>>> print(open('protein09.cif').read())   # mmCIF, C-alpha atoms
data_query
#
loop_
_atom_site.label_atom_id
_atom_site.label_comp_id
_atom_site.auth_asym_id
_atom_site.auth_seq_id
_atom_site.Cartn_x
_atom_site.Cartn_y
_atom_site.Cartn_z
CA MET F 25 0.00 -29.09 -15.99
CA ILE F 26 1.12 -27.37 -12.79
CA ARG F 27 3.40 -29.29 -10.41
CA TRP F 28 4.51 -28.24 -6.92
CA LEU F 29 8.02 -29.22 -5.92
CA LYS F 30 7.56 -27.37 -2.63
CA ARG F 31 4.50 -26.03 -0.79
CA GLY F 32 4.11 -23.65 2.15
CA LYS F 33 1.77 -23.85 5.13
CA ASP F 34 -1.73 -25.13 4.48
CA ALA F 35 -4.69 -22.74 4.44
CA GLU F 36 -6.07 -24.07 7.74
CA SER F 37 -2.88 -23.22 9.62
CA VAL F 38 -2.75 -19.75 8.09
CA ALA F 39 -6.40 -19.14 9.02
CA ALA F 40 -5.74 -20.09 12.64
CA GLU F 41 -2.83 -17.63 12.81
CA ASP F 42 -5.00 -14.92 11.25
CA ALA F 43 -7.68 -15.44 13.89
CA GLN F 44 -5.15 -14.97 16.67
CA VAL F 45 -3.83 -11.78 15.08
CA ARG F 46 -7.37 -10.46 14.63
CA ALA F 47 -8.27 -10.98 18.29
CA THR F 48 -5.07 -9.35 19.53
CA VAL F 49 -5.59 -6.29 17.35
CA GLU F 50 -9.23 -5.92 18.37
CA GLN F 51 -8.21 -5.73 22.02
CA ILE F 52 -5.44 -3.19 21.41
CA ILE F 53 -7.75 -0.91 19.43
CA ALA F 54 -10.39 -1.18 22.16
CA ASP F 55 -7.78 -0.24 24.78
CA VAL F 56 -6.58 2.81 22.86
CA THR F 57 -10.16 3.89 22.19
CA ALA F 58 -11.04 3.66 25.86
CA GLU F 59 -7.84 4.92 27.52
CA GLY F 60 -5.97 6.95 24.90
CA ASP F 61 -2.44 7.96 25.89
CA LYS F 62 -2.47 5.72 28.95
CA ALA F 63 -3.06 2.64 26.80
CA VAL F 64 -0.57 3.78 24.16
CA ARG F 65 2.15 4.13 26.79
CA ALA F 66 1.38 0.78 28.41
CA LEU F 67 1.40 -0.99 25.03
CA SER F 68 4.64 0.68 23.98
CA GLN F 69 6.26 -0.41 27.23
CA LYS F 70 4.91 -3.96 26.80
CA PHE F 71 5.91 -4.51 23.20
CA ASP F 72 8.89 -2.19 22.69
CA LYS F 73 10.19 -1.57 26.23
CA TRP F 74 9.80 2.12 25.38
CA SER F 75 8.19 4.80 27.53
CA PRO F 76 9.79 8.22 26.93
CA ALA F 77 8.61 11.47 28.47
CA SER F 78 7.05 12.30 25.10
CA PHE F 79 6.58 10.04 22.09
CA ARG F 80 6.70 13.11 19.85
CA LEU F 81 10.24 14.14 19.00
CA SER F 82 11.15 17.76 19.61
CA PRO F 83 12.89 19.86 16.94
CA ALA F 84 16.13 19.53 18.91
CA GLU F 85 15.83 15.72 19.01
CA ILE F 86 15.15 15.62 15.26
CA GLU F 87 18.14 17.83 14.51
CA ALA F 88 20.32 15.64 16.74
CA CYS F 89 19.31 12.56 14.72
CA VAL F 90 20.15 14.29 11.45
CA ALA F 91 23.48 15.54 12.82
CA ALA F 92 24.43 12.04 13.99
CA LEU F 93 24.45 10.67 10.43
CA PRO F 94 27.43 10.68 8.06
CA ALA F 95 27.24 13.08 5.13
CA GLN F 96 27.07 10.15 2.70
CA THR F 97 23.99 8.75 4.45
CA ILE F 98 22.23 12.10 4.21
CA ALA F 99 23.18 12.31 0.53
CA ASP F 100 21.86 8.80 -0.09
CA ILE F 101 18.56 9.60 1.61
CA LYS F 102 18.22 12.78 -0.43
CA PHE F 103 19.00 10.91 -3.67
CA ALA F 104 16.35 8.27 -2.96
CA GLN F 105 13.78 10.90 -2.03
CA ALA F 106 14.53 12.84 -5.20
CA GLN F 107 13.73 9.75 -7.31
CA ILE F 108 10.50 9.07 -5.43
CA ARG F 109 9.46 12.73 -5.51
CA ASN F 110 10.17 12.98 -9.23
CA PHE F 111 8.08 9.94 -10.17
CA ALA F 112 5.28 10.95 -7.80
CA GLN F 113 5.22 14.39 -9.45
CA VAL F 114 5.00 12.77 -12.88
CA GLN F 115 2.05 10.75 -11.63
CA ARG F 116 0.42 13.84 -10.09
CA ASP F 117 0.85 15.77 -13.34
CA SER F 118 -0.99 13.00 -15.19
CA MET F 119 -4.11 13.62 -13.09
CA LYS F 120 -6.08 16.49 -14.54
CA ASP F 121 -9.09 18.36 -13.23
CA VAL F 122 -11.82 18.25 -15.88
CA GLU F 123 -14.85 20.36 -16.80
CA VAL F 124 -17.11 19.66 -19.74
CA GLU F 125 -20.47 20.87 -21.05
CA THR F 126 -22.31 17.58 -21.55
CA LEU F 127 -25.61 19.14 -22.68
CA PRO F 128 -26.40 22.75 -23.60
CA GLY F 129 -26.14 24.62 -20.29
CA VAL F 130 -25.11 21.56 -18.22
CA VAL F 131 -21.53 21.60 -16.92
CA LEU F 132 -19.94 18.63 -15.13
CA GLY F 133 -16.47 18.40 -13.70
CA HIS F 134 -14.17 16.87 -11.15
CA LYS F 135 -11.36 18.15 -8.97
CA HIS F 136 -8.54 16.21 -7.31
CA ILE F 137 -8.50 17.40 -3.69
CA PRO F 138 -5.74 16.31 -1.28
CA VAL F 139 -6.70 14.56 1.95
CA SER F 140 -6.26 17.07 4.79
CA SER F 141 -4.18 14.96 7.20
CA VAL F 142 -2.27 11.70 6.85
CA GLY F 143 -0.49 9.45 9.33
CA CYS F 144 2.46 7.57 7.85
CA TYR F 145 3.64 4.36 9.51
CA VAL F 146 7.27 3.35 9.05
CA PRO F 147 8.21 -0.16 10.23
CA GLY F 148 11.46 -0.26 12.15
CA GLY F 149 11.46 -2.68 15.05
CA LYS F 150 13.34 -5.51 13.37
CA TYR F 151 14.94 -3.63 10.47
CA PRO F 152 15.03 0.17 10.19
CA LEU F 153 12.96 0.50 7.03
CA ILE F 154 14.15 3.98 6.14
CA ALA F 155 12.74 3.77 2.62
CA SER F 156 9.18 3.50 3.93
CA ALA F 157 9.47 7.09 5.14
CA HIS F 158 10.25 8.23 1.60
CA MET F 159 7.40 6.26 0.12
CA SER F 160 4.67 7.70 2.31
CA VAL F 161 5.82 11.11 3.57
CA VAL F 162 7.33 12.34 0.30
CA THR F 163 4.40 11.09 -1.78
CA ALA F 164 1.85 12.69 0.53
CA ARG F 165 3.70 15.99 0.25
CA VAL F 166 3.69 15.83 -3.55
CA ALA F 167 -0.08 15.23 -3.40
CA GLY F 168 -0.51 18.41 -1.36
CA VAL F 169 -1.54 16.94 2.01
CA LYS F 170 -1.56 19.79 4.56
CA ARG F 171 -0.62 17.82 7.68
CA VAL F 172 1.67 14.79 7.52
CA ILE F 173 2.67 12.95 10.68
CA ALA F 174 4.93 9.93 10.91
CA CYS F 175 5.38 7.11 13.42
CA ALA F 176 8.15 4.52 13.69
CA PRO F 177 8.97 2.21 16.58
CA PRO F 178 12.19 2.63 18.55
CA TYR F 179 15.13 0.65 17.25
CA GLN F 180 17.41 -0.91 19.84
CA GLY F 181 16.03 1.32 22.55
CA LYS F 182 15.89 4.71 20.82
CA PRO F 183 14.58 6.48 17.71
CA HIS F 184 16.58 5.36 14.68
CA PRO F 185 18.48 8.45 13.43
CA ALA F 186 18.20 7.57 9.74
CA ILE F 187 14.45 6.93 9.93
CA VAL F 188 13.96 10.22 11.75
CA ALA F 189 16.13 12.02 9.21
CA ALA F 190 14.18 10.50 6.32
CA MET F 191 10.87 11.54 7.89
CA HIS F 192 12.19 15.06 8.50
CA LEU F 193 13.79 15.52 5.09
CA GLY F 194 10.68 14.07 3.46
CA GLY F 195 8.57 16.81 5.04
CA ALA F 196 6.82 15.31 8.08
CA ASP F 197 5.19 17.91 10.34
CA GLU F 198 5.19 15.70 13.45
CA ILE F 199 7.45 12.72 14.20
CA TYR F 200 6.67 10.13 16.86
CA ALA F 201 8.83 7.29 18.18
CA LEU F 202 5.91 4.89 18.47
CA GLY F 203 5.30 1.56 16.79
CA GLY F 204 2.94 -1.31 16.24
CA VAL F 205 -0.83 -1.44 16.44
CA GLN F 206 -0.76 1.24 19.15
CA ALA F 207 0.77 3.70 16.65
CA ILE F 208 -1.82 2.90 13.99
CA ALA F 209 -4.65 3.23 16.52
CA ALA F 210 -3.30 6.50 17.93
CA MET F 211 -3.03 8.08 14.47
CA ALA F 212 -6.49 6.85 13.50
CA ILE F 213 -8.44 7.38 16.73
CA GLY F 214 -6.42 10.15 18.34
CA THR F 215 -5.42 10.73 21.94
CA ALA F 216 -4.98 13.76 24.15
CA THR F 217 -1.51 14.29 22.69
CA ILE F 218 -1.95 13.00 19.12
CA THR F 219 -4.54 14.67 16.90
CA PRO F 220 -6.18 11.99 14.72
CA CYS F 221 -5.60 11.83 10.98
CA ASP F 222 -8.05 11.39 8.14
CA MET F 223 -5.99 8.62 6.60
CA VAL F 224 -3.34 6.12 7.75
CA VAL F 225 -0.84 4.64 5.31
CA GLY F 226 2.28 2.50 5.23
CA PRO F 227 3.37 -1.14 5.31
CA GLY F 228 3.91 -3.33 8.36
CA ASN F 229 3.65 -6.81 9.81
CA ALA F 230 0.45 -8.86 10.04
CA PHE F 231 -0.68 -6.96 13.15
CA VAL F 232 -0.24 -3.55 11.51
CA ALA F 233 -2.09 -4.69 8.38
CA GLU F 234 -4.92 -6.07 10.51
CA ALA F 235 -5.13 -2.84 12.49
CA LYS F 236 -5.57 -0.88 9.27
CA ARG F 237 -8.24 -3.32 8.12
CA GLN F 238 -10.21 -2.98 11.36
CA LEU F 239 -9.91 0.81 11.42
CA PHE F 240 -10.87 1.31 7.77
CA GLY F 241 -14.06 3.33 7.64
CA ARG F 242 -13.21 5.23 10.78
CA VAL F 243 -10.28 6.51 8.73
CA GLY F 244 -9.10 5.99 5.19
CA ILE F 245 -6.23 3.63 4.45
CA ASP F 246 -4.00 3.17 1.45
CA LEU F 247 -4.30 -0.62 1.15
CA LEU F 248 -3.58 -3.78 3.10
CA ALA F 249 0.20 -4.00 2.89
CA GLY F 250 1.20 -6.82 5.22
CA PRO F 251 4.17 -9.19 5.30
CA THR F 252 6.29 -8.95 2.14
CA GLU F 253 5.61 -11.35 -0.74
CA THR F 254 7.76 -12.11 -3.73
CA LEU F 255 7.19 -14.17 -6.86
CA ILE F 256 10.11 -15.01 -9.14
CA ILE F 257 9.13 -15.99 -12.70
CA CYS F 258 11.97 -17.50 -14.68
CA ASP F 259 12.83 -19.82 -17.52
CA GLU F 260 16.04 -21.62 -18.50
CA THR F 261 17.74 -18.33 -19.39
CA CYS F 262 17.99 -17.62 -15.66
CA ASP F 263 20.27 -19.44 -13.23
CA GLY F 264 19.72 -20.84 -9.77
CA GLU F 265 22.10 -18.48 -8.01
CA LEU F 266 20.28 -15.35 -9.23
CA ALA F 267 16.81 -16.79 -8.61
CA ALA F 268 17.76 -17.89 -5.09
CA ALA F 269 19.26 -14.49 -4.24
CA ASP F 270 16.05 -12.74 -5.30
CA LEU F 271 13.88 -15.16 -3.34
CA LEU F 272 15.88 -14.82 -0.12
CA GLY F 273 16.33 -11.07 -0.56
CA GLN F 274 12.62 -10.70 0.19
CA ALA F 275 12.15 -13.69 2.49
CA GLU F 276 14.47 -11.99 4.98
CA HIS F 277 11.75 -9.42 5.70
CA GLY F 278 10.22 -11.80 8.22
CA PRO F 279 9.29 -15.39 9.05
CA THR F 280 5.85 -15.07 7.42
CA SER F 281 7.04 -13.63 4.09
CA PRO F 282 6.08 -15.90 1.18
CA ALA F 283 8.71 -16.42 -1.54
CA VAL F 284 7.56 -18.32 -4.62
CA LEU F 285 9.47 -19.60 -7.65
CA LEU F 286 7.40 -20.08 -10.81
CA THR F 287 9.14 -21.63 -13.81
CA ASN F 288 8.70 -23.81 -16.85
CA SER F 289 12.07 -25.47 -16.25
CA GLU F 290 12.23 -28.23 -13.64
CA THR F 291 16.01 -28.22 -14.01
CA LEU F 292 16.14 -24.57 -12.97
CA ALA F 293 13.63 -25.21 -10.17
CA ARG F 294 15.78 -27.90 -8.59
CA ALA F 295 18.97 -25.90 -9.08
CA THR F 296 17.33 -22.94 -7.35
CA MET F 297 16.17 -25.05 -4.41
CA ALA F 298 19.71 -26.34 -3.92
CA GLU F 299 21.12 -22.83 -4.23
CA VAL F 300 18.65 -21.51 -1.63
CA GLU F 301 19.97 -24.03 0.89
CA ARG F 302 23.57 -23.04 0.10
CA GLN F 303 22.93 -19.32 0.39
CA LEU F 304 21.00 -19.72 3.63
CA LYS F 305 24.19 -21.00 5.27
CA VAL F 306 26.11 -17.81 4.51
CA LEU F 307 23.39 -15.14 4.49
CA PRO F 308 23.61 -13.04 7.70
CA THR F 309 19.80 -12.94 7.85
CA GLY F 310 19.56 -16.62 6.98
CA GLU F 311 17.73 -17.61 10.15
CA ILE F 312 14.73 -15.39 9.38
CA ALA F 313 14.84 -16.00 5.63
CA GLY F 314 15.17 -19.73 6.23
CA GLN F 315 12.08 -19.87 8.41
CA ALA F 316 10.09 -17.95 5.81
CA TRP F 317 11.33 -20.28 3.07
CA ARG F 318 10.55 -23.42 5.08
CA ASP F 319 7.05 -22.32 6.12
CA TYR F 320 5.90 -20.18 3.19
CA GLY F 321 8.21 -20.90 0.27
CA GLN F 322 6.83 -22.55 -2.85
CA VAL F 323 8.31 -23.94 -6.04
CA ILE F 324 5.88 -24.35 -8.94
CA VAL F 325 6.66 -25.83 -12.35
CA CYS F 326 4.44 -25.13 -15.37
CA ASP F 327 4.46 -26.49 -18.89
CA SER F 328 4.22 -23.18 -20.77
CA GLU F 329 4.50 -19.42 -20.46
CA GLU F 330 0.72 -19.10 -20.83
CA GLU F 331 0.27 -21.42 -17.86
CA MET F 332 2.81 -19.35 -15.92
CA VAL F 333 0.81 -16.17 -16.59
CA ALA F 334 -2.41 -17.80 -15.37
CA GLU F 335 -0.73 -19.11 -12.21
CA ALA F 336 0.98 -15.78 -11.52
CA ASP F 337 -2.37 -13.98 -11.78
CA ARG F 338 -3.89 -16.52 -9.39
CA ILE F 339 -1.11 -15.90 -6.85
CA ALA F 340 -1.44 -12.10 -7.27
CA SER F 341 1.86 -11.44 -5.53
CA GLU F 342 3.06 -8.13 -4.13
CA HIS F 343 6.38 -8.22 -6.01
CA VAL F 344 6.89 -10.10 -9.28
CA GLN F 345 10.42 -10.45 -10.65
CA VAL F 346 10.46 -11.67 -14.27
CA MET F 347 13.70 -13.17 -15.59
CA THR F 348 12.76 -14.86 -18.84
CA ARG F 349 13.73 -14.69 -22.49
CA ASP F 350 10.93 -12.16 -23.11
CA PRO F 351 9.82 -10.29 -19.96
CA GLY F 352 7.51 -8.15 -22.11
CA PHE F 353 5.35 -11.25 -22.64
CA PHE F 354 4.38 -11.09 -18.95
CA LEU F 355 4.05 -7.29 -18.87
CA SER F 356 1.50 -7.41 -21.67
CA ARG F 357 -0.51 -10.33 -20.29
CA MET F 358 -0.44 -10.24 -16.48
CA SER F 359 -3.21 -8.45 -14.57
CA ASN F 360 -2.70 -9.18 -10.86
CA TYR F 361 0.50 -7.88 -9.25
CA GLY F 362 1.69 -5.12 -6.97
CA ALA F 363 4.74 -4.22 -9.04
CA LEU F 364 6.64 -5.89 -11.88
CA PHE F 365 10.44 -6.01 -12.10
CA LEU F 366 11.38 -6.89 -15.65
CA GLY F 367 14.66 -8.54 -16.58
CA PRO F 368 17.69 -9.68 -14.58
CA GLU F 369 19.21 -6.19 -14.54
CA THR F 370 16.56 -4.94 -12.10
CA ASN F 371 15.26 -6.46 -8.88
CA VAL F 372 12.80 -5.89 -6.06
CA SER F 373 15.43 -4.30 -3.84
CA TYR F 374 15.80 -1.42 -6.33
CA GLY F 375 12.08 -0.77 -6.06
CA ASP F 376 12.13 -1.18 -2.28
CA LYS F 377 14.82 1.41 -1.72
CA VAL F 378 15.60 3.91 -4.43
CA ILE F 379 14.51 3.56 -8.04
CA GLY F 380 11.46 5.82 -7.69
CA THR F 381 8.35 3.65 -7.77
CA ASN F 382 6.51 3.19 -4.49
CA HIS F 383 7.23 0.12 -2.40
CA THR F 384 3.99 0.09 -0.39
CA LEU F 385 2.14 -2.57 -2.36
CA PRO F 386 -0.87 -4.89 -2.04
CA THR F 387 -0.42 -8.28 -0.35
CA ARG F 388 -2.55 -11.36 0.26
CA LYS F 389 -4.15 -11.24 -3.20
CA ALA F 390 -5.29 -7.62 -2.85
CA ALA F 391 -3.53 -7.03 -6.19
CA ARG F 392 -6.67 -8.48 -7.77
CA TYR F 393 -8.44 -5.17 -7.08
CA THR F 394 -5.90 -2.48 -6.23
CA GLY F 395 -2.47 -1.20 -7.09
CA GLY F 396 0.01 0.13 -4.59
CA LEU F 397 0.45 3.43 -2.80
CA TRP F 398 0.89 6.34 -5.17
CA VAL F 399 0.18 10.05 -5.22
CA GLY F 400 -3.42 9.41 -6.31
CA LYS F 401 -4.18 7.57 -3.06
CA PHE F 402 -3.85 10.88 -1.21
CA LEU F 403 -6.28 12.64 -3.54
CA LYS F 404 -10.07 12.60 -3.46
CA THR F 405 -11.58 12.87 -6.92
CA CYS F 406 -14.68 14.94 -6.22
CA THR F 407 -17.31 15.79 -8.82
CA TYR F 408 -19.36 18.96 -9.22
CA GLN F 409 -22.15 20.10 -11.52
CA ARG F 410 -23.56 23.41 -12.64
CA VAL F 411 -26.77 24.01 -14.60
CA LYS F 412 -26.37 27.41 -16.22
CA THR F 413 -29.80 28.08 -17.73
CA LYS F 414 -33.48 27.56 -16.96
CA GLU F 415 -33.86 25.72 -20.25
CA ALA F 416 -31.15 23.23 -19.25
CA SER F 417 -32.80 22.69 -15.85
CA VAL F 418 -36.11 21.95 -17.58
CA LEU F 419 -34.43 19.54 -20.00
CA VAL F 420 -32.84 17.51 -17.23
CA GLY F 421 -35.74 17.99 -14.83
CA GLU F 422 -38.38 16.40 -17.06
CA TYR F 423 -36.32 13.21 -17.36
CA CYS F 424 -35.54 13.31 -13.63
CA SER F 425 -39.21 13.72 -12.66
CA ARG F 426 -40.27 10.64 -14.61
CA LEU F 427 -37.37 8.52 -13.32
CA CYS F 428 -38.10 9.51 -9.71
CA ALA F 429 -41.73 8.52 -10.17
CA LEU F 430 -40.57 5.17 -11.56
CA GLU F 431 -38.66 4.53 -8.34
CA GLY F 432 -41.35 5.86 -6.03
CA PHE F 433 -39.24 8.71 -4.63
CA ALA F 434 -41.80 11.48 -4.18
CA GLY F 435 -39.40 13.91 -2.49
CA HIS F 436 -36.80 13.46 -5.21
CA LYS F 437 -39.52 14.00 -7.81
CA GLU F 438 -40.61 17.24 -6.16
CA GLN F 439 -37.04 18.56 -6.34
CA ALA F 440 -37.34 18.30 -10.11
CA ASP F 441 -40.98 19.34 -10.34
CA ILE F 442 -40.58 22.60 -8.41
CA ARG F 443 -38.05 23.69 -10.98
CA LEU F 444 -40.23 22.58 -13.85
CA ARG F 445 -43.06 24.73 -12.46
CA ARG F 446 -40.79 27.75 -11.93
CA TYR F 447 -38.88 27.52 -15.17
CA GLY F 448 -41.75 26.66 -17.53
CA GLY F 449 -41.41 22.93 -17.91
CA LYS F 450 -44.30 20.57 -18.47
CA ASN F 451 -44.47 17.26 -16.61
CA GLN F 452 -44.42 14.38 -19.01
CA PRO F 453 -46.94 11.51 -19.00
CA GLY F 454 -46.42 9.33 -15.95
CA ALA F 455 -45.41 12.20 -13.69
CA ALA F 456 -47.61 12.97 -10.69
#
>>> encode(input="protein09.cif", output="structure tokens")
Amino acid sequence: MIRWLKRGKDAESVAAEDAQVRATVEQIIADVTAEGDKAVRALSQKFDKWSPASFRLSPAEIEACVAALPAQTIADIKFAQAQIRNFAQVQRDSMKDVEVETLPGVVLGHKHIPVSSVGCYVPGGKYPLIASAHMSVVTARVAGVKRVIACAPPYQGKPHPAIVAAMHLGGADEIYALGGVQAIAAMAIGTATITPCDMVVGPGNAFVAEAKRQLFGRVGIDLLAGPTETLIICDETCDGELAAADLLGQAEHGPTSPAVLLTNSETLARATMAEVERQLKVLPTGEIAGQAWRDYGQVIVCDSEEEMVAEADRIASEHVQVMTRDPGFFLSRMSNYGALFLGPETNVSYGDKVIGTNHTLPTRKAARYTGGLWVGKFLKTCTYQRVKTKEASVLVGEYCSRLCALEGFAGHKEQADIRLRRYGGKNQPGAA
């Protein structure tokens, strides 16, 4: 039996907040569609107090950002990008073009074709999320995308040097100091100064995620990656201090970031809740993390590991940290998650920053139907077919003619029949 020791906001309150976000985003997208650069500048001034002569950084401005960073910071960025590039390349190498002769003279195949242009959004208004530049820009480059642009909001009144350096070192062709919904809309719709992209990717707050949702179809998106979520699964082999640290380490992303503890030990659950309150008093980001914990934190106690698996799949969290006696039990049985972090030796922060897997992951139960951003998201798997002989065309055409007649598609049927007449086929009974 599942028991809640702590619940977050009710569904009605969350729905009301979602409606407000949706209306705000609709208006911003309409403004950018109608007024282009003028609207982008006004929105940037309104939300970020930022209105430079050009939102696009010049080569000299980019080089100045790189030069402003200590050598160790550059080395750290390069190390992280090397890990992400390496794993993305392994993933890319696993994706093979195929061609097979399925019937005598009938050849089918598919090719993985990179998207032509991608806009990468890097959050950076509250925290400079440098790692998000690695995750999108580097991965798009490994996929073979021809044009990669990147946007990040100003940080404390100017472009953040480390974000700019990460974008540049990752391989971005164009870098813009522009944030929020206006950045997403500009990359998707285009303006006089920003050529639109075929696809927009990257994480962000609820407004950014909603903008991607509303623009999907006009452009491609990676997935809906909104406010960070974390689920900690633990048993009595874990301790409250570690569980609390991993909960708050993700809750600090923002006041709407859910952090959930799922355990079969009520003793551990209560110890963790007490430890969360203690750590909040000393954590420098405790104000934000504390609000997220108060409004969206949950503590759930189950009777068994099987019940924990079922509940974890229902939650379908973005990040799932497993600290139990046998983490492999959950790896082999769970279906709905953005990324798993198995054992106390690893944690979500490793995945967020440096270990090599991608940190742009599905939120708000999207893990039920999609994984996270990876090199394959930037590739279109496109099929082709070739019929090499008249005999093969007749073989397929006779079946096609009858099936088209069954559906009442006379034009489709004629496409088959004209070839049957030319190549010596005989219409089968039932064909017109």
>>> atom_distance(input="protein09.cif", atom1="atom CA of F:Cys221", atom2="atom CA of F:Ala164")
12.9 Å
>>> atom_distance(input="protein09.cif", atom1="atom CA of F:Ala77", atom2="atom CA of F:Pro94")
27.8 Å
>>> residues_near_point(input="protein09.cif", point="(13.1, 9.8, -9.7)", cutoff="12 Å", atoms="all atoms listed in the file", output="PyMOL selection string")
chain F and resi 102-115+158-159+162-163+375+377-382
>>> atom_distance(input="protein09.cif", atom1="atom CA of F:Val161", atom2="atom CA of F:Leu271")
28.3 Å
>>> residues_around(input="protein09.cif", residues="stretch 331-342 of chain F", least_positions_apart="6", cutoff="7 Å", atoms="all atoms listed in the file", output="VMD selection string")
chain F and resid 253 to 255 286 354 358 to 363 385 to 387 389 391 to 392
>>> closest_residue(input="protein09.cif", among="F:Ser82, F:Gly32, F:Ala167, F:Asp319", to="F:Asp117", atoms="all atoms listed in the file")
F:Ala167
>>> resolve_selection(input="protein09.cif", expression="the PyMOL selection byres ((chain F and resi 283) around 10)", output="PyMOL selection string")
chain F and resi 32+252-256+268+270-276+280-282+284-285+313+316-323+341+343
>>> write_last_selection(input="protein09.cif", atoms="C-alpha atoms", output="CSV table (one decimal), in the frame of the given file")
chain,number,residue,atom,x,y,z
F,32,GLY,CA,4.1,-23.6,2.2
F,252,THR,CA,6.3,-9.0,2.1
F,253,GLU,CA,5.6,-11.4,-0.7
F,254,THR,CA,7.8,-12.1,-3.7
F,255,LEU,CA,7.2,-14.2,-6.9
F,256,ILE,CA,10.1,-15.0,-9.1
F,268,ALA,CA,17.8,-17.9,-5.1
F,270,ASP,CA,16.0,-12.7,-5.3
F,271,LEU,CA,13.9,-15.2,-3.3
F,272,LEU,CA,15.9,-14.8,-0.1
F,273,GLY,CA,16.3,-11.1,-0.6
F,274,GLN,CA,12.6,-10.7,0.2
F,275,ALA,CA,12.2,-13.7,2.5
F,276,GLU,CA,14.5,-12.0,5.0
F,280,THR,CA,5.8,-15.1,7.4
F,281,SER,CA,7.0,-13.6,4.1
F,282,PRO,CA,6.1,-15.9,1.2
F,284,VAL,CA,7.6,-18.3,-4.6
F,285,LEU,CA,9.5,-19.6,-7.6
F,313,ALA,CA,14.8,-16.0,5.6
F,316,ALA,CA,10.1,-18.0,5.8
F,317,TRP,CA,11.3,-20.3,3.1
F,318,ARG,CA,10.6,-23.4,5.1
F,319,ASP,CA,7.0,-22.3,6.1
F,320,TYR,CA,5.9,-20.2,3.2
F,321,GLY,CA,8.2,-20.9,0.3
F,322,GLN,CA,6.8,-22.6,-2.8
F,323,VAL,CA,8.3,-23.9,-6.0
F,341,SER,CA,1.9,-11.4,-5.5
F,343,HIS,CA,6.4,-8.2,-6.0
>>> build_atoms(input="protein09.cif", residues="stretch 139-143 of chain F", atoms="all heavy atoms", output="short mmCIF file (atom, residue, chain, number, x, y, z; two decimals), in the coordinates of the input")
data_model
loop_
_atom_site.label_atom_id
_atom_site.label_comp_id
_atom_site.auth_asym_id
_atom_site.auth_seq_id
_atom_site.Cartn_x
_atom_site.Cartn_y
_atom_site.Cartn_z
N VAL F 139 -6.25 14.87 0.59
CA VAL F 139 -6.70 14.56 1.95
C VAL F 139 -6.06 15.58 2.90
O VAL F 139 -4.91 16.01 2.69
CB VAL F 139 -6.28 13.13 2.34
CG1 VAL F 139 -6.58 12.83 3.80
CG2 VAL F 139 -6.97 12.12 1.42
N SER F 140 -6.76 16.00 3.93
CA SER F 140 -6.26 17.07 4.79
C SER F 140 -5.12 16.62 5.70
O SER F 140 -4.16 17.37 5.92
CB SER F 140 -7.40 17.63 5.65
OG SER F 140 -8.36 18.27 4.84
N SER F 141 -5.22 15.41 6.27
CA SER F 141 -4.18 14.96 7.20
C SER F 141 -3.93 13.47 7.03
O SER F 141 -4.89 12.69 6.87
CB SER F 141 -4.56 15.28 8.64
OG SER F 141 -5.73 14.60 9.02
N VAL F 142 -2.67 13.09 7.08
CA VAL F 142 -2.27 11.70 6.85
C VAL F 142 -1.27 11.28 7.91
O VAL F 142 -0.33 12.02 8.23
CB VAL F 142 -1.66 11.52 5.44
CG1 VAL F 142 -1.01 10.15 5.31
CG2 VAL F 142 -2.71 11.71 4.37
N GLY F 143 -1.47 10.07 8.44
CA GLY F 143 -0.49 9.45 9.33
C GLY F 143 0.28 8.39 8.58
O GLY F 143 -0.31 7.49 7.98
#
